[in-house]
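Accompanying notes for the structure given below.
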Protein chains: 4
Amino acid sequence: MESDPVSYSTQRGFQIYSAGLRGERPAIPISPDALEQRARDLLPPEVYDFVAGGAGSGETIQANREAFRRWRIVPRVLCRVARRDLRMALFGTTLSAPVLLAPIGTLSIVHPDAEPAVARAAAALGVPIVLSGLSSVSLEEVAQAAPEATRWFQLYWSPNLDLTLSLAARAEKAGYSAIVVTLDAMLMGWRERDLQNGYLPSLRGVGGASHFADPVFRSLLARSPEEDRDAAVRQLAKVFSNPDLCWDDLEALRRQTRLPILLKSILHPEDAVRAVERGMDGVIVSNHGGRQIDGSIASLEALPEIVRAVDGRVPVLFDSGIRRGSDAIKALALGAQAVLLGRPYVWGLAAAGEAGVREVVLNFLADLDTTLGLCGCATCAELNPELLRRDPK
Amino acid sequence: MESDPVSYSTQRGFQIYSAGLRGERPAIPISPDALEQRARDLLPPEVYDFVAGGAGSGETIQANREAFRRWRIVPRVLCRVARRDLRMALFGTTLSAPVLLAPIGTLSIVHPDAEPAVARAAAALGVPIVLSGLSSVSLEEVAQAAPEATRWFQLYWSPNLDLTLSLAARAEKAGYSAIVVTLDAMLMGWRERDLQNGYLPSLRGVGGASHFADPVFRSLLARSPEEDRDAAVRQLAKVFSNPDLCWDDLEALRRQTRLPILLKSILHPEDAVRAVERGMDGVIVSNHGGRQIDGSIASLEALPEIVRAVDGRVPVLFDSGIRRGSDAIKALALGAQAVLLGRPYVWGLAAAGEAGVREVVLNFLADLDTTLGLCGCATCAELNPELLRRDPK
Amino acid sequence: MESDPVSYSTQRGFQIYSAGLRGERPAIPISPDALEQRARDLLPPEVYDFVAGGAGSGETIQANREAFRRWRIVPRVLCRVARRDLRMALFGTTLSAPVLLAPIGTLSIVHPDAEPAVARAAAALGVPIVLSGLSSVSLEEVAQAAPEATRWFQLYWSPNLDLTLSLAARAEKAGYSAIVVTLDAMLMGWRERDLQNGYLPSLRGVGGASHFADPVFRSLLARSPEEDRDAAVRQLAKVFSNPDLCWDDLEALRRQTRLPILLKSILHPEDAVRAVERGMDGVIVSNHGGRQIDGSIASLEALPEIVRAVDGRVPVLFDSGIRRGSDAIKALALGAQAVLLGRPYVWGLAAAGEAGVREVVLNFLADLDTTLGLCGCATCAELNPELLRRDPK
Amino acid sequence: MESDPVSYSTQRGFQIYSAGLRGERPAIPISPDALEQRARDLLPPEVYDFVAGGAGSGETIQANREAFRRWRIVPRVLCRVARRDLRMALFGTTLSAPVLLAPIGTLSIVHPDAEPAVARAAAALGVPIVLSGLSSVSLEEVAQAAPEATRWFQLYWSPNLDLTLSLAARAEKAGYSAIVVTLDAMLMGWRERDLQNGYLPSLRGVGGASHFADPVFRSLLARSPEEDRDAAVRQLAKVFSNPDLCWDDLEALRRQTRLPILLKSILHPEDAVRAVERGMDGVIVSNHGGRQIDGSIASLEALPEIVRAVDGRVPVLFDSGIRRGSDAIKALALGAQAVLLGRPYVWGLAAAGEAGVREVVLNFLADLDTTLGLCGCATCAELNPELLRRDPK
């Protein structure tokens, strides 16, 4: 589905204010902070902590947000912005906006409709979903639930190469149109809140549905996951990810698939350059939403150097910290082709299932569309660093 | 009415302290923050939110305030400042101080006396009011209510050029002495609090009185606004502002009127230069009090470059964030000819109607006058960047 | 009285901890913040506000404190600091430490023993008191109450030159050993808290005792202050200070007195240079404790440039924001010859009268002495900018 | 005991999450802040204040923490980090990690098992304990309690040289393998909370056990400490430390012992260079956890210059402010060979005695190990300044 240019902000705002005239209030809170609070009120504390929390003291989460405040927008006036068009082409597909839903695993802890609900909401709005490699519903079932969605598959690279390649092959077969390899989760981050709660969903058998359905994975088990869940969970912990992965290992996947491969978790420009040199099709600047290293560089602080280093050879996507339209504007102006929206849609899912995700994304797009126009731009392609000023503080 | 030099601070302070001796307290709180709190206590929450709030997270509002804290005043001593004179000439009129009341629409949501009360208070103190193009009382009625006030008219540029020119012509005829064209409200800002409250006054028929009285506007309606308010409101939403406006469009107004035209919402020096080149008579540096873009450059941060770019060819006025005398001192020292005071007078209106506005402005002028003298200056013309030091933080 | 070298810190700490062994607690809180809170609990709110408050939003008060945090001490080790000596000579007098009690007027609002109690405490500890020109007890009575104290007199310069010179002559006659001319109070600061409270002590007849006793002042009255206090208060408001003062006016005082004259309220290096050129004997860097201009440069930020400009020709003293020993260390290391301690002793006075002032000053000296030694210095003369590092934040 | 490479993080996290599956929660809080709060709840207020507090306003404590936030980690990907090894050699001993337990005295105020419990926990984990020169249990008894621990002895240098040398000789004899001379406690810091509480453990006879057992010290007493504790305490206060110590004095110790001598409390690069020139074997960058000078340079801010100045001639250790694994990563990347962990283990001791210390250190090592791997490093030797980026704020 393609977006109708010039629609989000005007229609959305008018719709909400008109409902207000009838005494109706938005189904989910408009403000990202209030939305998170709503989800917090609804979820068991350990589930909220798991989604909201990060490594250590949460300093990286905070840094991700602060980094946006350090760039200020200098809008232009009288630029003819009535006909705005958020659409953008990526790997041959036209997205309705430069926005993807970030890979987040084990969503059934948040809502029983889990990843399929997210995929359907994504489809409805024309934005891709990047399905987590630790989804609570298998990649095939998600595909079936939302066949029309643009779906990418996020891959955790197993020390068992056959398993890795099997997961990728299944994703390709099921119509996923890109593979995202996450590189900063070869070890579990030291997450104080989760440790305090003694709560790790994947150890409780949530997440891993795609693995449990995998023939290679099943061949490693004495009994099927349906018969002995505990053994499957223990096996998953063993083969889930490979901390000994190195650059050469990527070639096996490159050879197998014709799908675009993107490396996620790139924060150093030299790693971005290497990705290009190794034939990767894109990089995603990300610190995993602050979940892995406490005290990591803010994702947005890493972006400009990586954009310079990649120099247009492949798309650079941006992840970690996006909450509002102006955040996306800033990342795009600094050279990202698109941004990944993460926790906010999980809060929407918690608050109201599929409809909640749709509301969150719609509000986000309306905010983005409004801010784009107010910057004096009619398309995201017009965004550039000249629109930003470093905060002199 | 002209100001009596050397009056504000001494007289005002003495008056308040003397009243204190008799056990009397100021009619409205002296501190801008306490005044806002007073208004908050008095107003319905959605009305308070509408006036106080801004785009998104309110980051621009905060940035506007922080920008003032980054400049520090380095006062001089022994400068003979007994006879201070705040008066300044602007477009052939002598104002009692380099202060205007900023255009703020739909004031009847705050107090039934609305814009006429503000205009009368402005007249009493010799400062101009810039009447909003979305006032709750028509521009003619405001003129009638305060004929002696120096009145400027703020114009929202309609996609219907006849309507635009009609509004401007009526303002000129009604004795308004300048036209201020606002350029950052062609789209509604994404205001989370208002969306949450489902509250937009103009959709409820408040504001737009000047449109409803306009012959061109009325010609667009099947029935008059008096007969069918809802239809008029819907029509207003359509023709209210033109996001496709461009620089060439300004010529129509330039040709029609001999009044000074100022462009408001200028944040980029190149736009300021263009304004001069297009024959505009002044620019107003403003980010709409943080109501349009979340994450915009602070208005004060934008001022110095614009002053340099304009280089004295037209007056540069300053808007967004002014709360106290020292704020005005800083903006004037950085090259603004005058400042616009916004939300504080609305809180005064909420607290005590016309008298409240008068109190707010009087206190502001007294504070300005005191601070001017303590800086070692007897007139605002003596203020210059040498009096400021960038905070080294 | 001279200080005994190597005494403050060791003796004072031991004394307090030993008392602790016996279950005794310090007579007044050790921490300046807790002390202020104690005073706040004891004083009428408007009195606390008057002493604690400042111009406008209190931003300058805050800036004064933040400025200290921007300098960090880099101590040296193994420097033989057992025999420390805080004494310093100033205008021919040896002070027990480079510390003076700042001029603060109308102290009877805080404690009935007022300025005489402060002067006696100062005498007991060998630090000078700078008596305010608006003291609640006349300069002669203060001299009589503490004849052995080193006393300086702070002069508010009247538009009536005879009165100004009379006050100075009386101070000289009464054994005051320096004249401090305050230059930033020619106009009352716009103090929001005091205005809100309608509370100005001098309008209530507190402060001005030295004026009421002055023959020139009395000659301006129809009836004596004893007979008609209100008329005297009104007259005082008229002749209290002269906002038209200029550099040439200082000569009259320079000719009359052989006492050292210091100009207080210097924040700009050019004004400091002028003071030297006009034959002044010292300058006091000060922003009046943040009471006059909201948004003024922090006093400490102004110090280094003034020290450079004065270049050792006259002593530079420092005022505004001193709370702890490390504050004094920083000001001294940046080139001040001595520091003025202000509000803390007033809180001590509020809490426990003369004994409270003594405790505050003793604690301050002990803290200063400790910190000096821990810096690796045995005398304040060894302090220099090399001991400080600008905080890189 | 040596550490098993590749163990801490994976094992520790798995262990905690698995216990969580059984409904068990960690014995002590995982987060350092929550742990401190737990200890605060358990300890008498004056004891908590004594351990947690610092000089003056606590500004140095705060600065120590802020300094870490100013460095951001830029991790690398695809680096083969499955086999991590935290071990490092220092003065001929292999430590299981570059971590030592900092010298903290009078631990019996926190828990009756005091220093012996800490030493046993240190032994269990293969990290050295630096025993405080003011321990509540004598150095010989601690040695006896944990003979297998790597033990260093922290020496307070007495004005009585015989006593100083006797303490050092006894430490050497009891198997301590290095001497740490603390240089910033020749005078007691001005600690407002302790003064307010009138609480100094050493004046109450806690701490000083090594002195009370010393033949030189006992020869200074009329009656033995067992007979007259008060007299011994008073004598200890006199001979405890020597503020007149200078560089030449160090030679006596250098001549006596063949143990490595490290100077602790170095913050200035010139002092570090001197230490090398005087034949010292290492320096410890430290501001005593913020307990001595209020407004001191943050320890981490001092580190890089000292590393440059020492230039690899002796090991540079780091102390003050370490709370989490990422803190250690940053100090090590900036050139420290090892870090000292202080208050956190005291909170562990308060919460659960020896087991509490063990838990705290294990969690710290697991966090360190995780973060190391996520940085893309398999050993601490790979850490270097290229992994850090100065926060641009």
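Following the order of the structure tokens, chains are lettered A, B, ..., residues in each are numbered from 1, and ligands are numbered from 1.
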
Near-range 54-69 of chain C list (10 Å; only C-alpha atoms; drop same-chain fewer than 5 positions) as a PyMOL selection string: (chain B and resi 30-33+69+72-73+324-326+367+371+391-393) or (chain C and resi 49+188-194+286-302+319-323+326-328+330-331+390-391) or (chain D and resi 59-60+63+294-296)

Near-Thr93 in chain A list (10 Å; only C-alpha atoms; drop same-chain fewer than 5 positions) as a ChimeraX atom specification: /A:88,128,150,177

Next, the residues of the selection above should be written as a PDB file, in the first residue's frame with N, CA, C and O atoms.
ATOM      1  N   MET A  88       9.328   6.907  -0.060  1.00  0.00           N
ATOM      2  CA  MET A  88      10.722   6.750  -0.465  1.00  0.00           C
ATOM      3  C   MET A  88      10.929   5.310  -0.927  1.00  0.00           C
ATOM      4  O   MET A  88      10.243   4.393  -0.499  1.00  0.00           O
ATOM      5  N   PRO A 128       7.437  -0.970   6.510  1.00  0.00           N
ATOM      6  CA  PRO A 128       7.915  -2.342   6.709  1.00  0.00           C
ATOM      7  C   PRO A 128       8.029  -2.697   8.188  1.00  0.00           C
ATOM      8  O   PRO A 128       8.283  -1.838   9.027  1.00  0.00           O
ATOM      9  N   THR A 150       5.298  -5.304   3.905  1.00  0.00           N
ATOM     10  CA  THR A 150       6.706  -5.393   3.565  1.00  0.00           C
ATOM     11  C   THR A 150       7.419  -5.886   4.816  1.00  0.00           C
ATOM     12  O   THR A 150       7.381  -5.241   5.859  1.00  0.00           O
ATOM     13  N   SER A 177      11.857  -9.493   2.527  1.00  0.00           N
ATOM     14  CA  SER A 177      12.562  -8.889   1.393  1.00  0.00           C
ATOM     15  C   SER A 177      13.936  -8.335   1.743  1.00  0.00           C
ATOM     16  O   SER A 177      14.589  -7.733   0.895  1.00  0.00           O
TER      17      SER A 177
END

Residues within 12 Å of Pro147 in chain A, only C-alpha atoms, excluding chain neighbours under 3 positions, as a PyMOL selection string: chain A and resi 1+116+119-124+128-129+139-144+150-151+174-177

Would you put the residues from that selection into a file with all heavy atoms, as a short mmCIF file (atom, residue, chain, number, x, y, z; two decimals), in the first residue's frame?
data_model
loop_
_atom_site.label_atom_id
_atom_site.label_comp_id
_atom_site.auth_asym_id
_atom_site.auth_seq_id
_atom_site.Cartn_x
_atom_site.Cartn_y
_atom_site.Cartn_z
N MET A 1 0.84 -1.21 0.00
CA MET A 1 0.00 0.00 0.00
C MET A 1 0.87 1.25 0.00
O MET A 1 1.83 1.36 0.73
CB MET A 1 -0.86 0.00 1.27
CG MET A 1 -1.75 1.21 1.40
SD MET A 1 -2.39 1.36 3.07
CE MET A 1 -2.22 3.11 3.33
N PRO A 116 2.16 -10.81 14.85
CA PRO A 116 1.19 -10.69 13.75
C PRO A 116 0.41 -9.39 13.80
O PRO A 116 0.15 -8.77 12.76
CB PRO A 116 0.27 -11.92 13.97
CG PRO A 116 1.17 -12.92 14.62
CD PRO A 116 2.06 -12.12 15.54
N ALA A 119 2.60 -6.75 12.45
CA ALA A 119 2.77 -6.87 10.99
C ALA A 119 1.54 -6.36 10.26
O ALA A 119 1.64 -5.68 9.23
CB ALA A 119 3.07 -8.32 10.62
N ARG A 120 0.37 -6.64 10.79
CA ARG A 120 -0.85 -6.16 10.15
C ARG A 120 -0.95 -4.63 10.21
O ARG A 120 -1.32 -3.97 9.25
CB ARG A 120 -2.08 -6.81 10.78
CG ARG A 120 -2.31 -8.25 10.31
CD ARG A 120 -3.66 -8.80 10.79
NE ARG A 120 -3.77 -8.84 12.24
CZ ARG A 120 -3.53 -9.93 12.98
NH1 ARG A 120 -3.21 -11.09 12.40
NH2 ARG A 120 -3.65 -9.89 14.29
N ALA A 121 -0.57 -4.09 11.35
CA ALA A 121 -0.58 -2.62 11.47
C ALA A 121 0.41 -2.01 10.49
O ALA A 121 0.13 -1.00 9.84
CB ALA A 121 -0.25 -2.21 12.91
N ALA A 122 1.57 -2.62 10.37
CA ALA A 122 2.58 -2.12 9.44
C ALA A 122 2.04 -2.15 8.02
O ALA A 122 2.20 -1.19 7.25
CB ALA A 122 3.85 -2.95 9.56
N ALA A 123 1.40 -3.25 7.69
CA ALA A 123 0.85 -3.38 6.34
C ALA A 123 -0.19 -2.29 6.08
O ALA A 123 -0.20 -1.66 5.01
CB ALA A 123 0.21 -4.76 6.17
N ALA A 124 -1.03 -2.05 7.06
CA ALA A 124 -2.09 -1.07 6.89
C ALA A 124 -1.53 0.31 6.58
O ALA A 124 -2.17 1.12 5.91
CB ALA A 124 -2.96 -1.02 8.14
N PRO A 128 7.44 -0.97 6.51
CA PRO A 128 7.92 -2.34 6.71
C PRO A 128 8.03 -2.70 8.19
O PRO A 128 8.28 -1.84 9.03
CB PRO A 128 9.32 -2.34 6.09
CG PRO A 128 9.42 -1.08 5.29
CD PRO A 128 8.48 -0.11 5.93
N ILE A 129 7.87 -3.95 8.48
CA ILE A 129 8.22 -4.47 9.80
C ILE A 129 9.50 -5.28 9.64
O ILE A 129 9.66 -6.04 8.69
CB ILE A 129 7.10 -5.36 10.38
CG1 ILE A 129 7.59 -6.01 11.69
CG2 ILE A 129 6.63 -6.42 9.41
CD1 ILE A 129 6.55 -6.85 12.42
N LEU A 139 8.31 -16.98 11.79
CA LEU A 139 8.37 -16.05 10.66
C LEU A 139 7.34 -16.43 9.59
O LEU A 139 6.76 -15.55 8.94
CB LEU A 139 9.79 -16.00 10.09
CG LEU A 139 10.43 -17.24 9.47
CD1 LEU A 139 10.17 -17.27 7.96
CD2 LEU A 139 11.92 -17.21 9.72
N GLU A 140 7.07 -17.72 9.43
CA GLU A 140 6.07 -18.12 8.43
C GLU A 140 4.67 -17.71 8.87
O GLU A 140 3.86 -17.24 8.06
CB GLU A 140 6.11 -19.64 8.20
CG GLU A 140 7.30 -20.13 7.39
CD GLU A 140 8.55 -20.38 8.26
OE1 GLU A 140 8.46 -20.17 9.49
OE2 GLU A 140 9.59 -20.78 7.72
N GLU A 141 4.38 -17.87 10.14
CA GLU A 141 3.05 -17.49 10.62
C GLU A 141 2.83 -15.99 10.53
O GLU A 141 1.73 -15.52 10.23
CB GLU A 141 2.85 -17.97 12.07
CG GLU A 141 2.71 -19.48 12.17
CD GLU A 141 2.80 -19.95 13.64
OE1 GLU A 141 3.90 -19.85 14.23
OE2 GLU A 141 1.78 -20.41 14.18
N VAL A 142 3.89 -15.24 10.80
CA VAL A 142 3.76 -13.78 10.66
C VAL A 142 3.51 -13.42 9.20
O VAL A 142 2.67 -12.56 8.89
CB VAL A 142 5.01 -13.07 11.21
CG1 VAL A 142 4.97 -11.58 10.89
CG2 VAL A 142 5.13 -13.29 12.72
N ALA A 143 4.22 -14.11 8.31
CA ALA A 143 4.02 -13.84 6.88
C ALA A 143 2.59 -14.13 6.48
O ALA A 143 1.95 -13.37 5.75
CB ALA A 143 4.99 -14.69 6.06
N GLN A 144 2.08 -15.23 7.01
CA GLN A 144 0.71 -15.61 6.70
C GLN A 144 -0.30 -14.60 7.27
O GLN A 144 -1.31 -14.31 6.64
CB GLN A 144 0.46 -16.98 7.33
CG GLN A 144 -0.61 -17.78 6.63
CD GLN A 144 -0.61 -19.23 7.11
OE1 GLN A 144 0.16 -19.59 8.03
NE2 GLN A 144 -1.43 -20.06 6.51
N THR A 150 5.30 -5.30 3.90
CA THR A 150 6.71 -5.39 3.56
C THR A 150 7.42 -5.89 4.82
O THR A 150 7.38 -5.24 5.86
CB THR A 150 7.27 -4.02 3.15
OG1 THR A 150 6.54 -3.57 2.02
CG2 THR A 150 8.76 -4.11 2.82
N ARG A 151 8.01 -7.08 4.69
CA ARG A 151 8.62 -7.71 5.86
C ARG A 151 10.11 -7.93 5.64
O ARG A 151 10.52 -8.41 4.60
CB ARG A 151 7.95 -9.07 6.12
CG ARG A 151 6.57 -8.96 6.74
CD ARG A 151 5.82 -10.28 6.70
NE ARG A 151 5.22 -10.52 5.39
CZ ARG A 151 5.68 -11.38 4.49
NH1 ARG A 151 6.75 -12.14 4.76
NH2 ARG A 151 5.09 -11.51 3.31
N ALA A 174 9.58 -17.19 2.60
CA ALA A 174 8.31 -16.67 3.13
C ALA A 174 8.04 -15.23 2.71
O ALA A 174 7.13 -14.60 3.23
CB ALA A 174 8.29 -16.80 4.66
N GLY A 175 8.87 -14.72 1.83
CA GLY A 175 8.55 -13.40 1.28
C GLY A 175 9.15 -12.23 2.04
O GLY A 175 8.74 -11.08 1.81
N TYR A 176 10.07 -12.52 2.92
CA TYR A 176 10.76 -11.39 3.57
C TYR A 176 11.71 -10.81 2.52
O TYR A 176 12.31 -11.55 1.73
CB TYR A 176 11.51 -11.86 4.81
CG TYR A 176 10.54 -12.21 5.93
CD1 TYR A 176 9.82 -13.42 5.90
CD2 TYR A 176 10.32 -11.33 6.97
CE1 TYR A 176 8.91 -13.72 6.90
CE2 TYR A 176 9.41 -11.63 7.99
CZ TYR A 176 8.70 -12.83 7.94
OH TYR A 176 7.81 -13.13 8.93
N SER A 177 11.86 -9.49 2.53
CA SER A 177 12.56 -8.89 1.39
C SER A 177 13.94 -8.33 1.74
O SER A 177 14.59 -7.73 0.90
CB SER A 177 11.69 -7.79 0.77
OG SER A 177 11.27 -6.87 1.75
#

In range 90-251 of chain B, DSSP helix (DSSP H, G or I) residues written as a VMD selection string: chain B and resid 107 to 109 114 to 125 139 to 145 161 to 173 192 to 197 201 to 204 209 to 212 215 to 219 229 to 239 247 to 251

Would you mind listing, for every residue of range 164-195 of chain C within 12 Å of range 96-111 of chain C, the two atoms forming the shortest contact and the distance between them in Å to one decimal, using only C-alpha atoms, sorted by chain and ascending residue number, as a Markdown table?
| residue | atom | partner | partner_atom | distance |
| --- | --- | --- | --- | --- |
| C:Ile179 | CA | C:Pro103 | CA | 11.3 |
| C:Val180 | CA | C:Pro103 | CA | 9.1 |
| C:Val181 | CA | C:Pro103 | CA | 10.7 |
| C:Thr182 | CA | C:Pro103 | CA | 9.6 |

Between CA of Trp157 in chain D and CA of Pro215 in chain D - distance in Å to one decimal: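 These atoms are spaced 16.1 Å apart.
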
Polymer residues at most 12 Å from Gly279 in chain C, only C-alpha atoms, same-chain spacing of 4 or more positions, as an MDAnalysis selection string: chainID C and resid 247:248 250:255 258:263 272:275 283 313:314

Surrounding residues of Asp41 in chain C excluding itself and chain neighbours under 6 positions, 10 Å, only C-alpha atoms, as a PyMOL selection string: chain C and resi 35+48+350-351

Export of the given selection (C-alpha atoms) as a compact mmCIF listing (two decimals), in the first residue's frame:
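What landed in selection.txt:
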# COMPACT_ATOMS: atom_id res chain seq x y z
CA LEU C 35 22.19 26.37 58.18
CA TYR C 48 14.01 35.08 54.98
CA ALA C 350 19.45 34.31 62.85
CA ALA C 351 20.13 30.93 64.40

Nearest candidate to chain D (options C:Pro26, C:Pro269, C:Gly348, C:Gly353; using only C-alpha atoms): C:Pro26

Residues of chain B within 8 Å of chain C: nearest atom pair and distance (Å, one decimal) for each, counting only C-alpha atoms, sorted by chain and number, as a Markdown table?
| residue | atom | partner | partner_atom | distance |
| --- | --- | --- | --- | --- |
| B:Ser9 | CA | C:Trp190 | CA | 7.9 |
| B:Thr10 | CA | C:Leu187 | CA | 7.7 |
| B:Gly13 | CA | C:Leu195 | CA | 7.3 |
| B:Ile16 | CA | C:Gly198 | CA | 6.0 |
| B:Tyr17 | CA | C:Gly198 | CA | 4.6 |
| B:Ser18 | CA | C:Gly198 | CA | 7.3 |
| B:Ala19 | CA | C:Gly198 | CA | 6.8 |
| B:Gly20 | CA | C:Gly198 | CA | 3.9 |
| B:Leu21 | CA | C:Gly198 | CA | 7.0 |
| B:Gly23 | CA | C:Gly198 | CA | 7.8 |
| B:Glu24 | CA | C:Gly198 | CA | 7.4 |
| B:Arg25 | CA | C:Gly198 | CA | 6.2 |
| B:Pro26 | CA | C:Gln196 | CA | 6.4 |
| B:Pro29 | CA | C:Gln196 | CA | 6.6 |
| B:Ile30 | CA | C:Glu192 | CA | 5.8 |
| B:Ser31 | CA | C:Glu192 | CA | 5.7 |
| B:Arg69 | CA | C:Gly295 | CA | 6.8 |
| B:Trp71 | CA | C:Gly295 | CA | 7.6 |
| B:Arg72 | CA | C:Ile297 | CA | 4.7 |
| B:Ile73 | CA | C:Ser296 | CA | 4.4 |
| B:Val74 | CA | C:Ile297 | CA | 5.7 |
| B:Pro75 | CA | C:Leu267 | CA | 6.7 |
| B:Arg76 | CA | C:His268 | CA | 6.5 |
| B:Val77 | CA | C:Leu183 | CA | 6.2 |
| B:Leu78 | CA | C:Cys246 | CA | 4.3 |
| B:Cys79 | CA | C:Cys246 | CA | 5.6 |
| B:Arg80 | CA | C:Asp244 | CA | 3.8 |
| B:Val81 | CA | C:Asp244 | CA | 5.4 |
| B:Ala82 | CA | C:Pro243 | CA | 4.8 |
| B:Arg83 | CA | C:Asp244 | CA | 8.0 |
| B:Arg324 | CA | C:Gly56 | CA | 7.5 |
| B:Ser326 | CA | C:Asp294 | CA | 6.3 |
| B:Ala366 | CA | C:Trp190 | CA | 7.9 |
| B:Asp367 | CA | C:Trp190 | CA | 5.7 |
| B:Thr370 | CA | C:Gly189 | CA | 6.6 |
| B:Thr371 | CA | C:Ile293 | CA | 6.1 |
| B:Gly373 | CA | C:Leu187 | CA | 7.3 |
| B:Leu374 | CA | C:Asp184 | CA | 6.5 |
| B:Cys375 | CA | C:Ile293 | CA | 8.0 |
| B:Arg389 | CA | C:Ile297 | CA | 7.3 |
| B:Asp391 | CA | C:Ile297 | CA | 7.9 |
| B:Lys393 | CA | C:Lys393 | CA | 7.0 |

Secondary structure check, strand (DSSP E) residues of range 120-367 of chain A, as an NGL selection string: :A and (129-131 or 151-155 or 179-182 or 261-266 or 282-285 or 316-318 or 338-341)

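When only C-alpha atoms are used to measure the gap to Phe240 in chain A, the shortest distance among A:Ala333, A:Cys377, A:Leu42, A:Leu155 belongs to A:Leu155.
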
Atomic separation - CA of Arg84 in chain C relative to CA of Tyr156 in chain D, Å: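 Calculated distance between CA of Tyr156 in chain D and CA of Arg84 in chain C is 20.5 Å.
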